[in-house]
Amino acid sequence: MMQDALLMTENLKTHFYTKKGIVKAVDGVDLVVKKRAVTGLVGESGCGKSVTALSVMGLVPSPAGRIVEGRILLEGEDLTRKSPSEMAQLRGRDIAMIFQEPMTSLNPVLTVGRQVGEPLRLHTKLGREEIKNKVVEMLDLVGIPEPASRLGSFPHQLSGGLRQRVMIAMAMICEPKLLIADEPTTALDVTIQAQILELMKDLMKRLDTSIILITHNLGVVAEVCDDVYVMYAGKVVETGTVFDIFDAPAHPYTRDLLRSIPGIGVSSPGRKLYSIDGTVPSPLNPPAGCRFAPRCSKALPYCHEREPEMVPLGGSHFARCLRASEGGFDHD
Amino acid sequence: MTRNLVETKGLKKYFPLKAGAFGTTKGMVRAVDGVDIAIRERETFALVGESGCGKTTLGRLVLHLLEPTGGQVFFDGVNLLDLDCRRMRELRRDMQIIFQDPYASLDPRMRVGDIVAEPLKTHIKGQTKRKREEEVAKLLEIVGLGSDAASKYPHQFSGGQRQRIGIARALALRPRFVVCDEAVSALDVSIQAQILNLLCDLQERFSLTLLFITHDLGVVRHLADRVGVMFLGKCVETGTVTQIFENPLHPYTRFLLSAVPVPDPHQRDRKKMLLKGDIPSPVDVPSGCRFHTRCPCAKGICRNQEPPLRSENGRAVACHFPLSSF
């Protein structure tokens, strides 16, 4: 188990110090990212999934944000102890990231060839010709037609799907150990999304990379993830294999989330869709006890007082719910 | 069979593509290029398609918020393009729109009460302030917001609550027809479910006819009665929601359905059909069938001849070689 973990976070806490108070965006997160696997981080906006990723990358916006506690271990090395320049060496070489919006994360005034080749210029001693050849090879690998003729193109000349492919090429060119993909397909159309997801799975196998996939789309999770972490208000509320999570969700939040997906098989009979009442709590002032308790249909009085621990449910399946150990709720 | 409330015939909208320092026209974006759809009274008609297929433009044309390049729009049997400004204005009470982005579609400097009251002020002359405030309070309650919401500003609300404000504003004049342009796309799943349920309730309660524009096929399956599939400015297929999902006739519809991620990990290894390449540009529309450049079933005729929209009992498809007969 432990040997094939590439990345682990232990009790990671990333807080933001704002004028209004301390925002505990990530508040004690334990992750295990296995080698050659896709680990999904799922949750609604503001649950802390992106800040977890930025913490791993060492890109938490400072001075407001800070990792206040915990360790991030990449193959046993603690990233929180590294200096900014050491982290800069690591980024792009060992860990790379792709973002949701390919238009805003590519530089509009630099050519595709220049941007995709940049990690090689920074991290290797390859010459110009070698870099150029590698870039063409990579663009070909991510499925860009006529890659050699695309080297001189600018991002605005490409479609959304092609831009995302360029982003992936740039992230993968140094063959990183870990790729963090933050909502990589959210801005894309479904037919293009399907292409990009296939591409990511294919590249993972070919280049021996592990992936952290951040998404709010449970359909995407079911399609590509091996392990899943469900986050709510800065904490992991449930984790397990993708089959644990979809076949036997144990946390009421996970169950409600799955039941609120409209259409395609999961929806309840009739036209009424299951919905979770209320809204995500303010991270400035999280509720006492279980953070989901105010919206939970299964909450008992003690849920509002005691903070739940992770309850083991067999294998790698855990849920942070005081009632999870009751052996599951009746299926209603 | 119920009658049609909204109907379009050969509806077209071209936008000039300007380029260069002098803004010379370099071509035409054929956003909507000859669309015939019919929306029946009290149904939910969903318009689906990928970005750039013209679904939003079609939504605006149906409300006559844009002047079409060609074709006709009928609302309750009246051709909107024949109406003068005054009569069009009167008719606008019956047709409203809810926008995608609840952040951009509400004026940040207006109080919620004033936002919801604005359509009442514009359209109902001689209403006392007191009466209007009562009406606003009632509307806010209908959409599930407290009466204290009226005195707050939009930034004090979450995305889902803002969308409720937009809905209250759209309902203020008790319209018959509402266009929902990606009304739930910007929301989280749990909030999206709340808003979809609200829209369904309101449709029952006020006998609304809804045109639901979305790219999310799960949402369509859940709430639509009939569906129109758009590709590059054309409506390529229409049918009931069951017909479209169980028995798609146009190859594009089948690819679109196959691409939707299924929230069930046991189905992840199913045979998926992936489309190659990108959507062609609406400036350089391919000859013949617009889908032929990406279609695996395309034959010679598809490259040269544009397939007509053939229809039977409300089921229609524009393809030379539909996947099955009607």
# chains A, B, ... in the order shown; residues from 1 in each chain; ligands from 1

$ interface_residues --of "chain A" --to "chain B" --cutoff "7 Å" --atoms "only C-alpha atoms" --output "NGL selection string"
:A and (44-45 or 189-191 or 194-195 or 218-220 or 222-223 or 242-243 or 246 or 257 or 260-264 or 271-276)

$ select_by_dssp --residues "region 189-233 of chain B" --states "strand (DSSP E or B)" --output "count of residues only"
12

$ select_by_dssp --residues "region 133-322 of chain A" --states "helix (DSSP H, G or I)" --output "NGL selection string"
:A and (133-141 or 147-150 or 155-157 or 160-172 or 190-207 or 218-224 or 242-247 or 252-259 or 293-295 or 301-304)

$ write_last_selection --atoms "C-alpha atoms" --output "PDB file, in the first residue's frame"
ATOM      1  CA  ASN A 133      11.818  18.145 -32.296  1.00  0.00           C
ATOM      2  CA  LYS A 134      10.535  17.183 -28.872  1.00  0.00           C
ATOM      3  CA  VAL A 135       7.821  19.826 -29.015  1.00  0.00           C
ATOM      4  CA  VAL A 136       6.630  18.551 -32.395  1.00  0.00           C
ATOM      5  CA  GLU A 137       6.661  15.008 -31.058  1.00  0.00           C
ATOM      6  CA  MET A 138       4.629  16.042 -28.011  1.00  0.00           C
ATOM      7  CA  LEU A 139       2.089  18.030 -30.038  1.00  0.00           C
ATOM      8  CA  ASP A 140       1.671  14.954 -32.194  1.00  0.00           C
ATOM      9  CA  LEU A 141       1.198  12.778 -29.113  1.00  0.00           C
ATOM     10  CA  PRO A 147       2.088  19.658 -35.397  1.00  0.00           C
ATOM     11  CA  ALA A 148       5.083  21.172 -37.197  1.00  0.00           C
ATOM     12  CA  SER A 149       2.911  23.837 -38.795  1.00  0.00           C
ATOM     13  CA  ARG A 150       1.352  24.730 -35.429  1.00  0.00           C
ATOM     14  CA  PRO A 155      -3.302  30.652 -28.781  1.00  0.00           C
ATOM     15  CA  HIS A 156      -6.129  32.795 -30.209  1.00  0.00           C
ATOM     16  CA  GLN A 157      -5.779  30.996 -33.535  1.00  0.00           C
ATOM     17  CA  GLY A 160     -10.870  25.555 -27.236  1.00  0.00           C
ATOM     18  CA  GLY A 161     -10.181  21.856 -27.625  1.00  0.00           C
ATOM     19  CA  LEU A 162      -6.838  22.446 -29.354  1.00  0.00           C
ATOM     20  CA  ARG A 163      -5.810  24.967 -26.698  1.00  0.00           C
ATOM     21  CA  GLN A 164      -6.471  22.427 -23.984  1.00  0.00           C
ATOM     22  CA  ARG A 165      -4.346  19.952 -25.939  1.00  0.00           C
ATOM     23  CA  VAL A 166      -1.548  22.537 -26.078  1.00  0.00           C
ATOM     24  CA  MET A 167      -1.842  22.980 -22.301  1.00  0.00           C
ATOM     25  CA  ILE A 168      -1.567  19.227 -21.829  1.00  0.00           C
ATOM     26  CA  ALA A 169       1.444  19.063 -24.147  1.00  0.00           C
ATOM     27  CA  MET A 170       3.139  21.816 -22.141  1.00  0.00           C
ATOM     28  CA  ALA A 171       2.391  20.046 -18.858  1.00  0.00           C
ATOM     29  CA  MET A 172       3.538  16.635 -20.064  1.00  0.00           C
ATOM     30  CA  VAL A 190     -19.134  17.278 -24.431  1.00  0.00           C
ATOM     31  CA  THR A 191     -17.733  15.778 -27.616  1.00  0.00           C
ATOM     32  CA  ILE A 192     -14.420  17.590 -27.026  1.00  0.00           C
ATOM     33  CA  GLN A 193     -14.501  16.671 -23.322  1.00  0.00           C
ATOM     34  CA  ALA A 194     -14.732  12.997 -24.249  1.00  0.00           C
ATOM     35  CA  GLN A 195     -11.685  13.385 -26.531  1.00  0.00           C
ATOM     36  CA  ILE A 196      -9.608  15.122 -23.848  1.00  0.00           C
ATOM     37  CA  LEU A 197     -10.471  12.564 -21.149  1.00  0.00           C
ATOM     38  CA  GLU A 198      -9.442   9.727 -23.476  1.00  0.00           C
ATOM     39  CA  LEU A 199      -6.213  11.562 -24.240  1.00  0.00           C
ATOM     40  CA  MET A 200      -5.370  12.003 -20.546  1.00  0.00           C
ATOM     41  CA  LYS A 201      -5.958   8.323 -19.806  1.00  0.00           C
ATOM     42  CA  ASP A 202      -3.843   7.337 -22.786  1.00  0.00           C
ATOM     43  CA  LEU A 203      -0.953   9.662 -21.838  1.00  0.00           C
ATOM     44  CA  MET A 204      -0.987   8.420 -18.252  1.00  0.00           C
ATOM     45  CA  LYS A 205      -0.324   4.880 -19.459  1.00  0.00           C
ATOM     46  CA  ARG A 206       2.292   5.877 -22.023  1.00  0.00           C
ATOM     47  CA  LEU A 207       4.285   8.287 -19.892  1.00  0.00           C
ATOM     48  CA  LEU A 218     -19.526  13.165 -11.078  1.00  0.00           C
ATOM     49  CA  GLY A 219     -19.952  11.719 -14.553  1.00  0.00           C
ATOM     50  CA  VAL A 220     -16.319  12.548 -15.350  1.00  0.00           C
ATOM     51  CA  VAL A 221     -15.259  10.976 -12.040  1.00  0.00           C
ATOM     52  CA  ALA A 222     -17.077   7.735 -12.850  1.00  0.00           C
ATOM     53  CA  GLU A 223     -15.457   7.644 -16.284  1.00  0.00           C
ATOM     54  CA  VAL A 224     -11.806   8.110 -15.404  1.00  0.00           C
ATOM     55  CA  VAL A 242     -14.581   4.813  -7.464  1.00  0.00           C
ATOM     56  CA  PHE A 243     -16.732   1.708  -6.959  1.00  0.00           C
ATOM     57  CA  ASP A 244     -16.969   2.271  -3.178  1.00  0.00           C
ATOM     58  CA  ILE A 245     -18.133   5.817  -3.744  1.00  0.00           C
ATOM     59  CA  PHE A 246     -20.693   5.123  -6.460  1.00  0.00           C
ATOM     60  CA  ASP A 247     -21.967   1.719  -5.294  1.00  0.00           C
ATOM     61  CA  PRO A 252     -24.988  11.580   3.457  1.00  0.00           C
ATOM     62  CA  TYR A 253     -23.361  14.356   1.432  1.00  0.00           C
ATOM     63  CA  THR A 254     -21.972  11.911  -1.132  1.00  0.00           C
ATOM     64  CA  ARG A 255     -25.326  10.160  -1.326  1.00  0.00           C
ATOM     65  CA  ASP A 256     -27.211  13.423  -1.800  1.00  0.00           C
ATOM     66  CA  LEU A 257     -24.731  14.633  -4.391  1.00  0.00           C
ATOM     67  CA  LEU A 258     -25.167  11.450  -6.431  1.00  0.00           C
ATOM     68  CA  ARG A 259     -28.926  11.699  -6.180  1.00  0.00           C
ATOM     69  CA  ALA A 293     -25.019  18.741   9.700  1.00  0.00           C
ATOM     70  CA  PRO A 294     -27.092  21.907   8.991  1.00  0.00           C
ATOM     71  CA  ARG A 295     -28.001  20.545   5.527  1.00  0.00           C
ATOM     72  CA  PRO A 301     -28.608  16.366  17.784  1.00  0.00           C
ATOM     73  CA  TYR A 302     -25.074  15.173  18.538  1.00  0.00           C
ATOM     74  CA  CYS A 303     -23.999  15.812  14.914  1.00  0.00           C
ATOM     75  CA  HIS A 304     -24.176  19.537  15.642  1.00  0.00           C
TER      76      HIS A 304
END

$ residues_around --residues "Thr293 (chain B)" --least-positions-apart "2" --cutoff "10 Å" --atoms "only C-alpha atoms" --output "list in words"
Lys276, Gly277, Asp278, Ile279, Pro280, Pro286, Ser287, Gly288, Cys289, Arg290, Phe291, Cys295, Pro296, Ala298, Cys302 and Arg303 of chain B

$ closest_residue --among "A:Pro102, A:Gly143, A:Gly28, A:Gly76" --to "Pro184 (chain A)" --atoms "only C-alpha atoms"
A:Pro102

$ decode --residues "region 66-112 of chain B" --atoms "N, CA and C atoms" --output "PDB file, in the first residue's frame"
ATOM      1  N   LEU B  66     -33.346  40.116 -31.259  1.00  0.00           N
ATOM      2  CA  LEU B  66     -32.452  40.341 -32.394  1.00  0.00           C
ATOM      3  C   LEU B  66     -33.320  40.405 -33.637  1.00  0.00           C
ATOM      4  N   GLU B  67     -32.893  41.206 -34.588  1.00  0.00           N
ATOM      5  CA  GLU B  67     -33.617  41.296 -35.854  1.00  0.00           C
ATOM      6  C   GLU B  67     -33.107  40.193 -36.781  1.00  0.00           C
ATOM      7  N   PRO B  68     -33.954  39.283 -37.225  1.00  0.00           N
ATOM      8  CA  PRO B  68     -33.451  38.196 -38.066  1.00  0.00           C
ATOM      9  C   PRO B  68     -33.033  38.675 -39.450  1.00  0.00           C
ATOM     10  N   THR B  69     -32.125  37.927 -40.068  1.00  0.00           N
ATOM     11  CA  THR B  69     -31.702  38.212 -41.434  1.00  0.00           C
ATOM     12  C   THR B  69     -32.760  37.727 -42.416  1.00  0.00           C
ATOM     13  N   GLY B  70     -33.453  36.693 -42.041  1.00  0.00           N
ATOM     14  CA  GLY B  70     -34.508  36.171 -42.902  1.00  0.00           C
ATOM     15  C   GLY B  70     -35.391  35.216 -42.125  1.00  0.00           C
ATOM     16  N   GLY B  71     -36.558  34.899 -42.694  1.00  0.00           N
ATOM     17  CA  GLY B  71     -37.452  33.957 -42.046  1.00  0.00           C
ATOM     18  C   GLY B  71     -38.500  34.628 -41.173  1.00  0.00           C
ATOM     19  N   GLN B  72     -39.280  33.818 -40.511  1.00  0.00           N
ATOM     20  CA  GLN B  72     -40.392  34.338 -39.721  1.00  0.00           C
ATOM     21  C   GLN B  72     -40.452  33.716 -38.336  1.00  0.00           C
ATOM     22  N   VAL B  73     -40.978  34.478 -37.368  1.00  0.00           N
ATOM     23  CA  VAL B  73     -41.225  33.981 -36.017  1.00  0.00           C
ATOM     24  C   VAL B  73     -42.686  34.242 -35.682  1.00  0.00           C
ATOM     25  N   PHE B  74     -43.396  33.200 -35.306  1.00  0.00           N
ATOM     26  CA  PHE B  74     -44.792  33.366 -34.901  1.00  0.00           C
ATOM     27  C   PHE B  74     -44.932  33.126 -33.415  1.00  0.00           C
ATOM     28  N   PHE B  75     -45.641  34.038 -32.741  1.00  0.00           N
ATOM     29  CA  PHE B  75     -45.976  33.823 -31.336  1.00  0.00           C
ATOM     30  C   PHE B  75     -47.489  33.833 -31.237  1.00  0.00           C
ATOM     31  N   ASP B  76     -48.048  32.723 -30.850  1.00  0.00           N
ATOM     32  CA  ASP B  76     -49.497  32.609 -30.737  1.00  0.00           C
ATOM     33  C   ASP B  76     -50.171  32.998 -32.056  1.00  0.00           C
ATOM     34  N   GLY B  77     -49.556  32.596 -33.164  1.00  0.00           N
ATOM     35  CA  GLY B  77     -50.138  32.855 -34.474  1.00  0.00           C
ATOM     36  C   GLY B  77     -49.810  34.212 -35.077  1.00  0.00           C
ATOM     37  N   VAL B  78     -49.178  35.093 -34.314  1.00  0.00           N
ATOM     38  CA  VAL B  78     -48.865  36.433 -34.814  1.00  0.00           C
ATOM     39  C   VAL B  78     -47.414  36.468 -35.286  1.00  0.00           C
ATOM     40  N   ASN B  79     -47.170  36.974 -36.480  1.00  0.00           N
ATOM     41  CA  ASN B  79     -45.799  37.113 -36.951  1.00  0.00           C
ATOM     42  C   ASN B  79     -45.153  38.323 -36.276  1.00  0.00           C
ATOM     43  N   LEU B  80     -44.161  38.062 -35.444  1.00  0.00           N
ATOM     44  CA  LEU B  80     -43.540  39.131 -34.658  1.00  0.00           C
ATOM     45  C   LEU B  80     -42.910  40.190 -35.551  1.00  0.00           C
ATOM     46  N   LEU B  81     -42.473  39.778 -36.736  1.00  0.00           N
ATOM     47  CA  LEU B  81     -41.755  40.711 -37.585  1.00  0.00           C
ATOM     48  C   LEU B  81     -42.692  41.702 -38.263  1.00  0.00           C
ATOM     49  N   ASP B  82     -44.009  41.431 -38.219  1.00  0.00           N
ATOM     50  CA  ASP B  82     -44.977  42.369 -38.778  1.00  0.00           C
ATOM     51  C   ASP B  82     -45.385  43.451 -37.785  1.00  0.00           C
ATOM     52  N   LEU B  83     -45.042  43.254 -36.511  1.00  0.00           N
ATOM     53  CA  LEU B  83     -45.554  44.164 -35.487  1.00  0.00           C
ATOM     54  C   LEU B  83     -44.769  45.465 -35.442  1.00  0.00           C
ATOM     55  N   ASP B  84     -45.462  46.578 -35.136  1.00  0.00           N
ATOM     56  CA  ASP B  84     -44.731  47.816 -34.901  1.00  0.00           C
ATOM     57  C   ASP B  84     -44.218  47.810 -33.462  1.00  0.00           C
ATOM     58  N   CYS B  85     -43.403  48.812 -33.127  1.00  0.00           N
ATOM     59  CA  CYS B  85     -42.738  48.833 -31.823  1.00  0.00           C
ATOM     60  C   CYS B  85     -43.726  48.754 -30.674  1.00  0.00           C
ATOM     61  N   ARG B  86     -44.821  49.507 -30.807  1.00  0.00           N
ATOM     62  CA  ARG B  86     -45.770  49.585 -29.701  1.00  0.00           C
ATOM     63  C   ARG B  86     -46.409  48.224 -29.426  1.00  0.00           C
ATOM     64  N   ARG B  87     -46.809  47.546 -30.499  1.00  0.00           N
ATOM     65  CA  ARG B  87     -47.460  46.250 -30.293  1.00  0.00           C
ATOM     66  C   ARG B  87     -46.461  45.183 -29.858  1.00  0.00           C
ATOM     67  N   MET B  88     -45.240  45.294 -30.336  1.00  0.00           N
ATOM     68  CA  MET B  88     -44.194  44.358 -29.906  1.00  0.00           C
ATOM     69  C   MET B  88     -43.968  44.508 -28.404  1.00  0.00           C
ATOM     70  N   ARG B  89     -43.962  45.771 -27.970  1.00  0.00           N
ATOM     71  CA  ARG B  89     -43.756  46.051 -26.556  1.00  0.00           C
ATOM     72  C   ARG B  89     -44.847  45.426 -25.700  1.00  0.00           C
ATOM     73  N   GLU B  90     -46.075  45.531 -26.172  1.00  0.00           N
ATOM     74  CA  GLU B  90     -47.178  44.920 -25.431  1.00  0.00           C
ATOM     75  C   GLU B  90     -46.998  43.409 -25.327  1.00  0.00           C
ATOM     76  N   LEU B  91     -46.577  42.837 -26.453  1.00  0.00           N
ATOM     77  CA  LEU B  91     -46.432  41.384 -26.494  1.00  0.00           C
ATOM     78  C   LEU B  91     -45.293  40.895 -25.593  1.00  0.00           C
ATOM     79  N   ARG B  92     -44.327  41.771 -25.337  1.00  0.00           N
ATOM     80  CA  ARG B  92     -43.182  41.369 -24.516  1.00  0.00           C
ATOM     81  C   ARG B  92     -43.585  40.958 -23.103  1.00  0.00           C
ATOM     82  N   ARG B  93     -44.739  41.415 -22.672  1.00  0.00           N
ATOM     83  CA  ARG B  93     -45.211  41.000 -21.344  1.00  0.00           C
ATOM     84  C   ARG B  93     -45.374  39.486 -21.291  1.00  0.00           C
ATOM     85  N   ASP B  94     -45.685  38.898 -22.425  1.00  0.00           N
ATOM     86  CA  ASP B  94     -45.943  37.459 -22.468  1.00  0.00           C
ATOM     87  C   ASP B  94     -44.678  36.624 -22.630  1.00  0.00           C
ATOM     88  N   MET B  95     -43.565  37.252 -22.970  1.00  0.00           N
ATOM     89  CA  MET B  95     -42.344  36.482 -23.218  1.00  0.00           C
ATOM     90  C   MET B  95     -41.177  37.065 -22.446  1.00  0.00           C
ATOM     91  N   GLN B  96     -40.513  36.209 -21.680  1.00  0.00           N
ATOM     92  CA  GLN B  96     -39.429  36.666 -20.820  1.00  0.00           C
ATOM     93  C   GLN B  96     -38.223  35.750 -20.968  1.00  0.00           C
ATOM     94  N   ILE B  97     -37.113  36.164 -20.367  1.00  0.00           N
ATOM     95  CA  ILE B  97     -35.890  35.366 -20.483  1.00  0.00           C
ATOM     96  C   ILE B  97     -35.160  35.301 -19.140  1.00  0.00           C
ATOM     97  N   ILE B  98     -34.558  34.161 -18.868  1.00  0.00           N
ATOM     98  CA  ILE B  98     -33.689  33.996 -17.700  1.00  0.00           C
ATOM     99  C   ILE B  98     -32.299  33.693 -18.236  1.00  0.00           C
ATOM    100  N   PHE B  99     -31.308  34.446 -17.741  1.00  0.00           N
ATOM    101  CA  PHE B  99     -29.968  34.343 -18.313  1.00  0.00           C
ATOM    102  C   PHE B  99     -29.086  33.354 -17.569  1.00  0.00           C
ATOM    103  N   GLN B 100     -27.960  33.017 -18.205  1.00  0.00           N
ATOM    104  CA  GLN B 100     -27.045  32.045 -17.627  1.00  0.00           C
ATOM    105  C   GLN B 100     -26.334  32.563 -16.390  1.00  0.00           C
ATOM    106  N   ASP B 101     -25.770  33.754 -16.515  1.00  0.00           N
ATOM    107  CA  ASP B 101     -24.849  34.216 -15.491  1.00  0.00           C
ATOM    108  C   ASP B 101     -25.584  35.090 -14.483  1.00  0.00           C
ATOM    109  N   PRO B 102     -25.866  34.559 -13.301  1.00  0.00           N
ATOM    110  CA  PRO B 102     -26.628  35.339 -12.334  1.00  0.00           C
ATOM    111  C   PRO B 102     -25.804  36.486 -11.763  1.00  0.00           C
ATOM    112  N   TYR B 103     -24.510  36.549 -12.110  1.00  0.00           N
ATOM    113  CA  TYR B 103     -23.686  37.650 -11.633  1.00  0.00           C
ATOM    114  C   TYR B 103     -23.767  38.825 -12.593  1.00  0.00           C
ATOM    115  N   ALA B 104     -23.817  38.527 -13.889  1.00  0.00           N
ATOM    116  CA  ALA B 104     -23.792  39.599 -14.874  1.00  0.00           C
ATOM    117  C   ALA B 104     -25.181  40.112 -15.215  1.00  0.00           C
ATOM    118  N   SER B 105     -26.226  39.338 -14.922  1.00  0.00           N
ATOM    119  CA  SER B 105     -27.538  39.740 -15.404  1.00  0.00           C
ATOM    120  C   SER B 105     -28.348  40.542 -14.388  1.00  0.00           C
ATOM    121  N   LEU B 106     -27.771  40.834 -13.232  1.00  0.00           N
ATOM    122  CA  LEU B 106     -28.467  41.682 -12.257  1.00  0.00           C
ATOM    123  C   LEU B 106     -27.621  42.929 -12.016  1.00  0.00           C
ATOM    124  N   ASP B 107     -28.234  44.094 -12.076  1.00  0.00           N
ATOM    125  CA  ASP B 107     -27.513  45.350 -11.862  1.00  0.00           C
ATOM    126  C   ASP B 107     -27.033  45.432 -10.406  1.00  0.00           C
ATOM    127  N   PRO B 108     -25.697  45.493 -10.201  1.00  0.00           N
ATOM    128  CA  PRO B 108     -25.196  45.450  -8.829  1.00  0.00           C
ATOM    129  C   PRO B 108     -25.592  46.668  -7.995  1.00  0.00           C
ATOM    130  N   ARG B 109     -26.021  47.746  -8.661  1.00  0.00           N
ATOM    131  CA  ARG B 109     -26.340  48.952  -7.894  1.00  0.00           C
ATOM    132  C   ARG B 109     -27.822  49.098  -7.593  1.00  0.00           C
ATOM    133  N   MET B 110     -28.601  48.124  -8.031  1.00  0.00           N
ATOM    134  CA  MET B 110     -30.036  48.187  -7.735  1.00  0.00           C
ATOM    135  C   MET B 110     -30.382  47.221  -6.623  1.00  0.00           C
ATOM    136  N   ARG B 111     -31.325  47.615  -5.785  1.00  0.00           N
ATOM    137  CA  ARG B 111     -31.810  46.681  -4.767  1.00  0.00           C
ATOM    138  C   ARG B 111     -32.659  45.618  -5.451  1.00  0.00           C
ATOM    139  N   VAL B 112     -32.687  44.430  -4.817  1.00  0.00           N
ATOM    140  CA  VAL B 112     -33.418  43.322  -5.400  1.00  0.00           C
ATOM    141  C   VAL B 112     -34.885  43.685  -5.647  1.00  0.00           C
TER     142      VAL B 112
END
